[in-house]
Number of protein chains: 2
Amino acid sequence: MTNSDEFLLAASEILGPKGLTRDTAAMAPWLTDWRGRFTGRALALASPADTGEVSQLVQLCAQHCVPIVPQGGNSGMSGGATPDENGNAVLLSLRRMNAIRELDTGDMTATCEAGVILQTLQEAAADERLRFPLTLGGKGSATIGGLISTNAGGTQVLRHGSMRAQVLGLEAVMPDGAVFDALTPLKKDNRGFDLKQLLIGSEGTLGIVTAATLRLLPEIGERTVCWAGCETIAQARDLLVHCERELGDLMEGFEVMPAHSLAAVLDHLPDARNPLGTKHPWNALIEWVVPRSAETGLAAKVEAVLESALDAGLLTDAAIAANETQADSFWLLRDTIAPAERAIGPAMQHDISVPPAQMARFIEDAVPQVEARFPGTTAVAFGHLGDGNVHFHVLAPKGAAAGLWERTEGKTISMFVHDLVTRWHGSISAEHGIGQMKRDELARLGDPVALALMRRVKNALDPQGLFNPGKLVPVAPGAGSD
Amino acid sequence: MTNSDEFLLAASEILGPKGLTRDTAAMAPWLTDWRGRFTGRALALASPADTGEVSQLVQLCAQHCVPIVPQGGNSGMSGGATPDENGNAVLLSLRRMNAIRELDTGDMTATCEAGVILQTLQEAAADERLRFPLTLGGKGSATIGGLISTNAGGTQVLRHGSMRAQVLGLEAVMPDGAVFDALTPLKKDNRGFDLKQLLIGSEGTLGIVTAATLRLLPEIGERTVCWAGCETIAQARDLLVHCERELGDLMEGFEVMPAHSLAAVLDHLPDARNPLGTKHPWNALIEWVVPRSAETGLAAKVEAVLESALDAGLLTDAAIAANETQADSFWLLRDTIAPAERAIGPAMQHDISVPPAQMARFIEDAVPQVEARFPGTTAVAFGHLGDGNVHFHVLAPKGAAAGLWERTEGKTISMFVHDLVTRWHGSISAEHGIGQMKRDELARLGDPVALALMRRVKNALDPQGLFNPGKLVPVAPGAGSD
């Protein structure tokens, strides 16, 4: 028997017939990332039933030097869960581990296995009149394990923080198979290095998250959603600051989109309409929320804030959603930007942050620079202005060949955008992680001290380099690309 | 010249006359921790003026194998900043590096050097109508660097989180002298491992924090402080849950103290009085805060919450502070527990957390157990019930010899308390860190997988073991104590 036959035999003994497959059709959907940017191959698809099986499989992989690529809902944005083309790695799906082990209404925590889908957790919390305060477009497929491994963001970070802020405790299998059990609802714990923080956002390169204890909040009492039209992005930023000062404790989201994005969405959704009727260069979508038992009257407060903003010249026009249906329709416009753009043609997408106070100036500087340097392109920035994070998309010139354009000019454009962001002291990955897509850009632009530390931590915890190889950790200079 | 003479000569060249001393009188105050529990010796006291000098000194120490013990305000609770008795370490004070490099009112951030004193930052923020949302008793001496290195807590963690939650960016000098520069006001940044999280709470064993970018909040508009009397700690816990559900978003602190602690404080402060007049087995101190521009009327809301709590049998009596003076007098009672107890006699102090929902049952279980097992002692639990964290003090029997008692019976008591906490799935250090005081208890009770990971991370980042040796990192089994 070859090494790989021996390995597969032993793996099937650990995982049973439901837990291991080499069937091409069964594996195929999980070997390409959902954006279709990366496709890889795998020795097998492993779907362990519990943490013990993960641990045994990891030990077996260590013995046989088999790399492991962990995967949740396969909805990541940076190719972090797609294996490479060698075909020597096991693709480790956490989707079978989908139990909510405990939902503690007293401590307001949920202990979930890695494969629990975000929407499932949201619904389970709602059944107990609680809520999980993180959401994003892919909530129907994104898993808790994936959200933690990538420190996912979304549209409520402004008030509640990203995934890191929701994690109280963590369980993970380390590269030697040891189970790091730090599942706990403790709010305060200063017993040495906070190792779970190192695992959060490490994209499966240091440990495989198998479960987590997450904080929950009381359910929402009332929400008010408003749409505002602004003349400039600088005005939208001033509006944000005004709203933060006046009613910031209740503000849950502040998203912006330029006229171009709204037009694309309205073309894409035949039944949708512009909330303001008239066209504005910039649009802001703002949501305020009060917890359940707090007093009512939120809409009146929001109205007062918007009126004072109008008086101060911070917006041109604004509409408050009259009911939940209208509120949902406002959010649908926001959530449809990505598919509406994809329908137009190829685009290079960048998930960037700069110091929040400088975002308006950055956009005003970057958009014309990119469009001048790459004639025919359209640069569009939209998203989480409240977090100092926008999705900066550069749409291809009309008629550009999809696929080819991204690999050639697109790559140059991305480097140009990342250079700009770096000059503005920003981040080339605000919320999507590094994966395989941005690994070399991180190596090119990252602080050498930080990069060297990352490599050292990686080598210390995964000396064989078997956990999600080729992702996140920048290769040392001179070591070549793998 | 001996190695140490050579080292001192080179160090004085780097640091200049203001930056290095071996004067016994100048060094003495910094060689004993403020509680007087630990005293050490040092080769010299280094006080660098800037990050560059820290980096040069660290490189020099690496060359000469000289250990470094970083120190801020020397107000830590676990002896983490006190050198050992060998006298071969440099005591590295960050107190000279006390500049607020930038206070950005747009991004609401402050970039502070490690030696900035907490109260100084609070006052600088207030000057700009902002606030820094962390405070604690030692605010007049505790430094930003020390607060970060120990992930300090305090009385506002309930709403704002501990020090970790305030840190956006960090600058640190690593054991090879490299400057890890991650100073940034970015709210979102997923560029690989979040190394700053590893440094926060690592007590100077992995890196020396030299500066940080901290988040600020708008100043307070109005606060309402209330004192409630409860029959049992379980009732106080139910009151907490009620307040969280009804007005949780505005609740900033929820502290408890038993009748014994209040009596000790009233004995200790001749002018103080019991806010309720009558004695209750338990007292709760609750603070609510609204941001500046929010509507007023907080006191009325708090009154409604307290009335419904009274109706539900969750408290016996309650008083709302009529003005700021009275609010301060309520807090003074809370803040005087520690000195009032010290005036009574020796005590073993434990800073523990358990799952918040179980804290009442833990106290009901632990207090009689400890008092029965150690006749003559009095067990007292007080503090941050809202965080599931209390200070669990065991007062010596009357007439116990201070010093001797702590070293003999006291040590047995602490092990007993820590065993209890561990059985309740709690933490033996909720907010005070490990330092030298709890290092061996962490080694005894910590999860072996976590301990092994800590050692591996320590060895990877500080292979010479020169950064704060003997603190925090549990010694491997069989390696002996150092």
# chains A, B, ... in the order shown; residues from 1 in each chain; ligands from 1
$ residues_around --residues "Val157 of chain A" --least-positions-apart "3" --cutoff "8 Å" --atoms "only C-alpha atoms" --output "number ranges by chain"
A: 134, 153-154, 160-162, 252-253, 387
$ write_last_selection --atoms "C-alpha atoms" --output "tab-separated table (two decimals), in the first residue's frame"
chain	number	residue	atom	x	y	z
A	134	LEU	CA	-23.53	39.86	13.63
A	153	GLY	CA	-17.43	41.64	9.74
A	154	GLY	CA	-20.79	42.55	8.23
A	160	HIS	CA	-21.27	45.39	18.06
A	161	GLY	CA	-17.78	44.76	16.68
A	162	SER	CA	-16.67	42.02	14.34
A	252	GLU	CA	-26.26	49.93	14.38
A	253	GLY	CA	-25.20	50.50	10.79
A	387	ASP	CA	-16.27	51.38	10.24
$ residues_around --residues "segment 49-52 of chain B" --least-positions-apart "5" --cutoff "8 Å" --atoms "only C-alpha atoms" --output "list in words"
Leu15, Gly19, Arg96, Met97, Val173, Val179 and Thr210 of chain B
$ closest_residue --among "B:Pro275, B:Gly201, B:Pro175, B:Gly79" --to "chain A" --atoms "only C-alpha atoms"
B:Gly201
$ atom_distance --atom1 "atom CA of Val394 of chain B" --atom2 "atom CA of Asn283 of chain B"
19.0 Å
$ residues_around --residues "segment 359-374 of chain B" --least-positions-apart "3" --cutoff "10 Å" --atoms "only C-alpha atoms" --output "number ranges by chain"
B: 232-238, 353-356, 377-382, 385-390, 392-397, 409-410, 412-414, 416-417, 420-421, 424, 426
$ write_last_selection --atoms "N, CA and C atoms" --output "CSV table (one decimal), in the first residue's frame"
chain,number,residue,atom,x,y,z
B,232,THR,N,-30.3,38.5,49.6
B,232,THR,CA,-29.3,37.4,49.3
B,232,THR,C,-28.6,37.8,48.0
B,233,ILE,N,-27.5,37.2,47.8
B,233,ILE,CA,-26.7,37.4,46.6
B,233,ILE,C,-27.5,36.9,45.4
B,234,ALA,N,-28.3,35.9,45.6
B,234,ALA,CA,-29.1,35.4,44.4
B,234,ALA,C,-30.1,36.5,44.0
B,235,GLN,N,-30.6,37.2,45.0
B,235,GLN,CA,-31.6,38.3,44.7
B,235,GLN,C,-30.8,39.4,43.9
B,236,ALA,N,-29.6,39.7,44.4
B,236,ALA,CA,-28.8,40.7,43.7
B,236,ALA,C,-28.6,40.3,42.2
B,237,ARG,N,-28.3,39.0,42.0
B,237,ARG,CA,-28.1,38.5,40.6
B,237,ARG,C,-29.4,38.7,39.8
B,238,ASP,N,-30.5,38.4,40.4
B,238,ASP,CA,-31.8,38.6,39.7
B,238,ASP,C,-32.0,40.0,39.4
B,353,SER,N,-13.3,34.7,38.6
B,353,SER,CA,-14.6,34.8,37.9
B,353,SER,C,-15.1,33.4,37.7
B,354,VAL,N,-16.4,33.3,37.6
B,354,VAL,CA,-17.1,32.1,37.2
B,354,VAL,C,-18.2,32.5,36.2
B,355,PRO,N,-18.8,31.5,35.5
B,355,PRO,CA,-19.9,31.9,34.6
B,355,PRO,C,-20.8,32.8,35.3
B,356,PRO,N,-21.1,34.0,34.7
B,356,PRO,CA,-21.9,35.0,35.4
B,356,PRO,C,-23.1,34.5,36.0
B,377,THR,N,-11.7,32.3,60.1
B,377,THR,CA,-11.6,33.2,59.0
B,377,THR,C,-13.0,33.7,58.6
B,378,THR,N,-13.0,34.9,57.9
B,378,THR,CA,-14.2,35.4,57.3
B,378,THR,C,-14.0,35.6,55.8
B,379,ALA,N,-14.9,35.0,55.1
B,379,ALA,CA,-14.8,35.0,53.6
B,379,ALA,C,-15.8,36.1,53.1
B,380,VAL,N,-15.3,37.0,52.3
B,380,VAL,CA,-16.0,38.1,51.8
B,380,VAL,C,-15.9,38.2,50.3
B,381,ALA,N,-17.0,38.3,49.6
B,381,ALA,CA,-17.0,38.4,48.1
B,381,ALA,C,-17.6,39.8,47.7
B,382,PHE,N,-16.9,40.5,47.0
B,382,PHE,CA,-17.5,41.8,46.5
B,382,PHE,C,-17.0,42.2,45.1
B,385,LEU,N,-20.2,42.0,40.0
B,385,LEU,CA,-21.1,41.0,39.8
B,385,LEU,C,-21.6,41.0,38.3
B,386,GLY,N,-21.7,42.2,37.7
B,386,GLY,CA,-22.1,42.3,36.3
B,386,GLY,C,-21.2,41.6,35.4
B,387,ASP,N,-19.9,41.4,35.7
B,387,ASP,CA,-19.0,40.7,34.9
B,387,ASP,C,-18.7,39.3,35.3
B,388,GLY,N,-19.5,38.8,36.3
B,388,GLY,CA,-19.2,37.5,36.8
B,388,GLY,C,-17.8,37.4,37.5
B,389,ASN,N,-17.4,38.5,38.1
B,389,ASN,CA,-16.0,38.6,38.7
B,389,ASN,C,-16.1,39.3,40.0
B,390,VAL,N,-15.7,38.5,41.1
B,390,VAL,CA,-15.7,39.1,42.4
B,390,VAL,C,-14.3,39.0,43.0
B,392,PHE,N,-12.6,37.8,46.1
B,392,PHE,CA,-13.0,36.8,47.1
B,392,PHE,C,-11.9,36.9,48.1
B,393,HIS,N,-12.1,37.6,49.2
B,393,HIS,CA,-11.1,37.8,50.2
B,393,HIS,C,-11.4,36.9,51.4
B,394,VAL,N,-10.3,36.3,52.0
B,394,VAL,CA,-10.5,35.5,53.2
B,394,VAL,C,-9.7,36.2,54.3
B,395,LEU,N,-10.4,36.8,55.2
B,395,LEU,CA,-9.7,37.5,56.3
B,395,LEU,C,-9.2,36.6,57.4
B,396,ALA,N,-8.1,36.9,57.9
B,396,ALA,CA,-7.4,36.0,58.9
B,396,ALA,C,-8.2,36.0,60.2
B,397,PRO,N,-8.1,34.9,61.0
B,397,PRO,CA,-8.7,34.9,62.3
B,397,PRO,C,-8.1,36.1,63.1
B,409,GLU,N,-0.8,29.4,56.5
B,409,GLU,CA,-2.2,29.0,56.3
B,409,GLU,C,-2.8,29.7,55.1
B,410,GLY,N,-2.4,31.0,54.9
B,410,GLY,CA,-2.9,31.8,53.8
B,410,GLY,C,-2.7,31.0,52.4
B,412,THR,N,-2.4,27.9,51.9
B,412,THR,CA,-3.3,26.7,51.8
B,412,THR,C,-4.8,27.2,51.5
B,413,ILE,N,-5.1,28.3,52.1
B,413,ILE,CA,-6.5,28.9,51.8
B,413,ILE,C,-6.6,29.2,50.3
B,414,SER,N,-5.6,29.9,49.8
B,414,SER,CA,-5.6,30.3,48.4
B,414,SER,C,-5.8,29.0,47.5
B,416,PHE,N,-7.1,26.3,48.3
B,416,PHE,CA,-8.5,25.8,48.5
B,416,PHE,C,-9.5,26.6,47.6
B,417,VAL,N,-9.3,27.9,47.7
B,417,VAL,CA,-10.2,28.8,46.9
B,417,VAL,C,-10.1,28.5,45.4
B,420,LEU,N,-11.7,25.4,44.4
B,420,LEU,CA,-13.2,25.6,44.3
B,420,LEU,C,-13.6,26.3,43.0
B,421,VAL,N,-12.8,27.3,42.7
B,421,VAL,CA,-13.1,28.1,41.4
B,421,VAL,C,-13.0,27.2,40.2
B,424,TRP,N,-15.8,25.1,39.6
B,424,TRP,CA,-17.0,25.8,39.0
B,424,TRP,C,-16.7,26.4,37.6
B,426,GLY,N,-14.3,28.2,36.6
B,426,GLY,CA,-14.0,29.7,36.7
B,426,GLY,C,-12.5,29.9,36.4
$ select_by_dssp --residues "segment 133-240 of chain A" --states "strand (DSSP E or B)" --output "number ranges by chain"
A: 143, 167-173, 179-182, 208-215, 217-218, 220-230
$ write_last_selection --atoms "C-alpha atoms" --output "CSV table (one decimal), in the first residue's frame"
chain,number,residue,atom,x,y,z
A,143,THR,CA,-20.7,28.8,9.4
A,167,VAL,CA,-16.4,35.1,21.0
A,168,LEU,CA,-16.2,34.4,24.7
A,169,GLY,CA,-14.7,30.9,24.4
A,170,LEU,CA,-13.2,28.6,21.8
A,171,GLU,CA,-12.5,25.0,21.2
A,172,ALA,CA,-9.9,24.1,18.5
A,173,VAL,CA,-7.8,21.2,17.4
A,179,VAL,CA,-7.8,19.7,21.7
A,180,PHE,CA,-7.5,23.3,23.0
A,181,ASP,CA,-10.6,23.5,25.1
A,182,ALA,CA,-11.2,27.1,26.1
A,208,ILE,CA,-9.1,24.2,13.4
A,209,VAL,CA,-11.9,25.8,15.3
A,210,THR,CA,-14.4,23.1,16.3
A,211,ALA,CA,-16.8,25.0,18.6
A,212,ALA,CA,-17.2,28.4,20.3
A,213,THR,CA,-19.1,30.1,23.1
A,214,LEU,CA,-20.7,33.2,21.7
A,215,ARG,CA,-22.4,36.2,23.4
A,217,LEU,CA,-28.0,40.1,23.3
A,218,PRO,CA,-31.6,40.8,24.2
A,220,ILE,CA,-34.5,44.1,19.3
A,221,GLY,CA,-37.3,46.2,20.6
A,222,GLU,CA,-37.7,48.6,17.7
A,223,ARG,CA,-35.6,49.6,14.7
A,224,THR,CA,-35.7,52.7,12.5
A,225,VAL,CA,-34.1,52.6,9.1
A,226,CYS,CA,-33.5,55.7,7.0
A,227,TRP,CA,-32.2,56.6,3.6
A,228,ALA,CA,-30.4,59.9,3.1
A,229,GLY,CA,-29.1,61.6,-0.1
A,230,CYS,CA,-25.8,63.5,0.1
$ residues_around --residues "Ser4 of chain A" --least-positions-apart "3" --cutoff "12 Å" --atoms "only C-alpha atoms" --output "list in words"
Met1, Phe7, Leu8, Leu9, Ala10, Ala11, Ala42, Leu43, Ala44, Leu60, Cys61, Gln63, His64, Cys65, Val66, Pro67, Gly87, Asn88, Ala89 and Val90 of chain A
$ write_last_selection --atoms "N, CA and C atoms" --output "PDB file, in the first residue's frame"
ATOM      1  N   MET A   1       0.843  -1.207   0.000  1.00  0.00           N
ATOM      2  CA  MET A   1       0.000   0.000   0.000  1.00  0.00           C
ATOM      3  C   MET A   1       0.875   1.253   0.000  1.00  0.00           C
ATOM      4  N   PHE A   7      -3.083   5.909   4.517  1.00  0.00           N
ATOM      5  CA  PHE A   7      -3.730   7.041   5.180  1.00  0.00           C
ATOM      6  C   PHE A   7      -5.244   6.973   5.013  1.00  0.00           C
ATOM      7  N   LEU A   8      -5.693   6.729   3.784  1.00  0.00           N
ATOM      8  CA  LEU A   8      -7.133   6.738   3.520  1.00  0.00           C
ATOM      9  C   LEU A   8      -7.843   5.612   4.265  1.00  0.00           C
ATOM     10  N   LEU A   9      -7.203   4.481   4.350  1.00  0.00           N
ATOM     11  CA  LEU A   9      -7.792   3.358   5.078  1.00  0.00           C
ATOM     12  C   LEU A   9      -7.961   3.727   6.560  1.00  0.00           C
ATOM     13  N   ALA A  10      -6.908   4.271   7.120  1.00  0.00           N
ATOM     14  CA  ALA A  10      -6.968   4.644   8.538  1.00  0.00           C
ATOM     15  C   ALA A  10      -7.974   5.773   8.754  1.00  0.00           C
ATOM     16  N   ALA A  11      -8.031   6.703   7.823  1.00  0.00           N
ATOM     17  CA  ALA A  11      -8.978   7.817   7.955  1.00  0.00           C
ATOM     18  C   ALA A  11     -10.412   7.307   7.890  1.00  0.00           C
ATOM     19  N   ALA A  42      -8.326  17.652  -4.122  1.00  0.00           N
ATOM     20  CA  ALA A  42      -8.125  17.120  -2.772  1.00  0.00           C
ATOM     21  C   ALA A  42      -8.022  15.605  -2.815  1.00  0.00           C
ATOM     22  N   LEU A  43      -7.287  15.076  -1.868  1.00  0.00           N
ATOM     23  CA  LEU A  43      -7.143  13.630  -1.707  1.00  0.00           C
ATOM     24  C   LEU A  43      -8.474  13.016  -1.316  1.00  0.00           C
ATOM     25  N   ALA A  44      -9.220  13.718  -0.467  1.00  0.00           N
ATOM     26  CA  ALA A  44     -10.513  13.225   0.004  1.00  0.00           C
ATOM     27  C   ALA A  44     -11.222  14.366   0.700  1.00  0.00           C
ATOM     28  N   LEU A  60      -3.565  11.646  12.538  1.00  0.00           N
ATOM     29  CA  LEU A  60      -3.247  10.762  11.410  1.00  0.00           C
ATOM     30  C   LEU A  60      -2.566  11.554  10.291  1.00  0.00           C
ATOM     31  N   CYS A  61      -3.090  12.736  10.016  1.00  0.00           N
ATOM     32  CA  CYS A  61      -2.487  13.594   8.976  1.00  0.00           C
ATOM     33  C   CYS A  61      -1.045  13.940   9.354  1.00  0.00           C
ATOM     34  N   GLN A  63       0.995  12.171  11.145  1.00  0.00           N
ATOM     35  CA  GLN A  63       1.829  10.972  10.921  1.00  0.00           C
ATOM     36  C   GLN A  63       2.182  10.793   9.457  1.00  0.00           C
ATOM     37  N   HIS A  64       1.200  11.048   8.585  1.00  0.00           N
ATOM     38  CA  HIS A  64       1.396  10.783   7.155  1.00  0.00           C
ATOM     39  C   HIS A  64       1.774  12.034   6.371  1.00  0.00           C
ATOM     40  N   CYS A  65       2.018  13.134   7.078  1.00  0.00           N
ATOM     41  CA  CYS A  65       2.362  14.401   6.404  1.00  0.00           C
ATOM     42  C   CYS A  65       1.326  14.809   5.364  1.00  0.00           C
ATOM     43  N   VAL A  66       0.072  14.687   5.711  1.00  0.00           N
ATOM     44  CA  VAL A  66      -0.997  15.075   4.785  1.00  0.00           C
ATOM     45  C   VAL A  66      -1.519  16.455   5.190  1.00  0.00           C
ATOM     46  N   PRO A  67      -1.485  17.413   4.279  1.00  0.00           N
ATOM     47  CA  PRO A  67      -2.005  18.752   4.602  1.00  0.00           C
ATOM     48  C   PRO A  67      -3.525  18.733   4.794  1.00  0.00           C
ATOM     49  N   GLY A  87      -3.519  18.381  -4.965  1.00  0.00           N
ATOM     50  CA  GLY A  87      -4.384  17.232  -4.706  1.00  0.00           C
ATOM     51  C   GLY A  87      -3.906  16.338  -3.583  1.00  0.00           C
ATOM     52  N   ASN A  88      -2.951  16.799  -2.812  1.00  0.00           N
ATOM     53  CA  ASN A  88      -2.448  15.947  -1.721  1.00  0.00           C
ATOM     54  C   ASN A  88      -3.053  16.289  -0.359  1.00  0.00           C
ATOM     55  N   ALA A  89      -3.946  17.271  -0.336  1.00  0.00           N
ATOM     56  CA  ALA A  89      -4.524  17.694   0.955  1.00  0.00           C
ATOM     57  C   ALA A  89      -5.885  17.050   1.183  1.00  0.00           C
ATOM     58  N   VAL A  90      -6.215  16.881   2.457  1.00  0.00           N
ATOM     59  CA  VAL A  90      -7.574  16.513   2.825  1.00  0.00           C
ATOM     60  C   VAL A  90      -8.377  17.798   2.989  1.00  0.00           C
TER      61      VAL A  90
END
$ select_by_dssp --residues "segment 20-65 of chain A" --states "alpha helix (DSSP H)" --output "list in words"
Thr24, Ala25, Ala26, Met27, Thr51, Gly52, Glu53, Val54, Ser55, Gln56, Leu57, Val58, Gln59, Leu60, Cys61, Ala62, Gln63 and His64 of chain A
$ residues_around --residues "segment 186-196 of chain A" --least-positions-apart "2" --cutoff "6 Å" --atoms "only C-alpha atoms" --output "list in words"
Thr184, Leu198 and Leu199 of chain A; Ser202, Pro355, Asp387, Ser427, Ser429, Ala430, Glu431 and Gly433 of chain B
$ write_last_selection --atoms "N, CA, C and O atoms" --output "PDB file, in the first residue's frame"
ATOM      1  N   THR A 184     -15.904  28.638  27.216  1.00  0.00           N
ATOM      2  CA  THR A 184     -16.276  29.209  28.504  1.00  0.00           C
ATOM      3  C   THR A 184     -17.174  30.408  28.290  1.00  0.00           C
ATOM      4  O   THR A 184     -17.001  31.149  27.326  1.00  0.00           O
ATOM      5  N   LEU A 198      -5.458  34.578  19.152  1.00  0.00           N
ATOM      6  CA  LEU A 198      -4.519  34.234  18.081  1.00  0.00           C
ATOM      7  C   LEU A 198      -5.196  33.355  17.040  1.00  0.00           C
ATOM      8  O   LEU A 198      -4.940  33.466  15.836  1.00  0.00           O
ATOM      9  N   LEU A 199      -6.090  32.469  17.498  1.00  0.00           N
ATOM     10  CA  LEU A 199      -6.784  31.561  16.573  1.00  0.00           C
ATOM     11  C   LEU A 199      -7.853  32.294  15.764  1.00  0.00           C
ATOM     12  O   LEU A 199      -8.065  31.988  14.593  1.00  0.00           O
TER      13      LEU A 199
ATOM     14  N   SER B 202      -0.042  39.926  28.014  1.00  0.00           N
ATOM     15  CA  SER B 202       1.080  38.988  28.133  1.00  0.00           C
ATOM     16  C   SER B 202       2.118  39.463  29.152  1.00  0.00           C
ATOM     17  O   SER B 202       3.183  38.862  29.301  1.00  0.00           O
ATOM     18  N   PRO B 355     -18.794  31.481  35.511  1.00  0.00           N
ATOM     19  CA  PRO B 355     -19.853  31.864  34.561  1.00  0.00           C
ATOM     20  C   PRO B 355     -20.837  32.789  35.266  1.00  0.00           C
ATOM     21  O   PRO B 355     -21.331  32.458  36.353  1.00  0.00           O
ATOM     22  N   ASP B 387     -19.946  41.413  35.731  1.00  0.00           N
ATOM     23  CA  ASP B 387     -18.970  40.741  34.867  1.00  0.00           C
ATOM     24  C   ASP B 387     -18.745  39.288  35.283  1.00  0.00           C
ATOM     25  O   ASP B 387     -17.891  38.614  34.712  1.00  0.00           O
ATOM     26  N   SER B 427     -12.142  31.166  36.605  1.00  0.00           N
ATOM     27  CA  SER B 427     -10.766  31.607  36.372  1.00  0.00           C
ATOM     28  C   SER B 427     -10.142  32.078  37.685  1.00  0.00           C
ATOM     29  O   SER B 427     -10.771  32.806  38.448  1.00  0.00           O
ATOM     30  N   SER B 429      -7.710  34.058  37.730  1.00  0.00           N
ATOM     31  CA  SER B 429      -7.360  35.469  37.532  1.00  0.00           C
ATOM     32  C   SER B 429      -8.329  36.086  36.546  1.00  0.00           C
ATOM     33  O   SER B 429      -8.221  35.874  35.342  1.00  0.00           O
ATOM     34  N   ALA B 430      -9.287  36.823  37.062  1.00  0.00           N
ATOM     35  CA  ALA B 430     -10.271  37.446  36.180  1.00  0.00           C
ATOM     36  C   ALA B 430      -9.718  38.705  35.555  1.00  0.00           C
ATOM     37  O   ALA B 430      -9.860  38.940  34.363  1.00  0.00           O
ATOM     38  N   GLU B 431      -9.044  39.537  36.371  1.00  0.00           N
ATOM     39  CA  GLU B 431      -8.571  40.820  35.826  1.00  0.00           C
ATOM     40  C   GLU B 431      -7.195  41.236  36.323  1.00  0.00           C
ATOM     41  O   GLU B 431      -6.649  42.203  35.813  1.00  0.00           O
ATOM     42  N   GLY B 433      -4.320  39.399  36.332  1.00  0.00           N
ATOM     43  CA  GLY B 433      -3.176  38.757  35.696  1.00  0.00           C
ATOM     44  C   GLY B 433      -2.544  37.684  36.574  1.00  0.00           C
ATOM     45  O   GLY B 433      -3.034  37.379  37.665  1.00  0.00           O
TER      46      GLY B 433
END
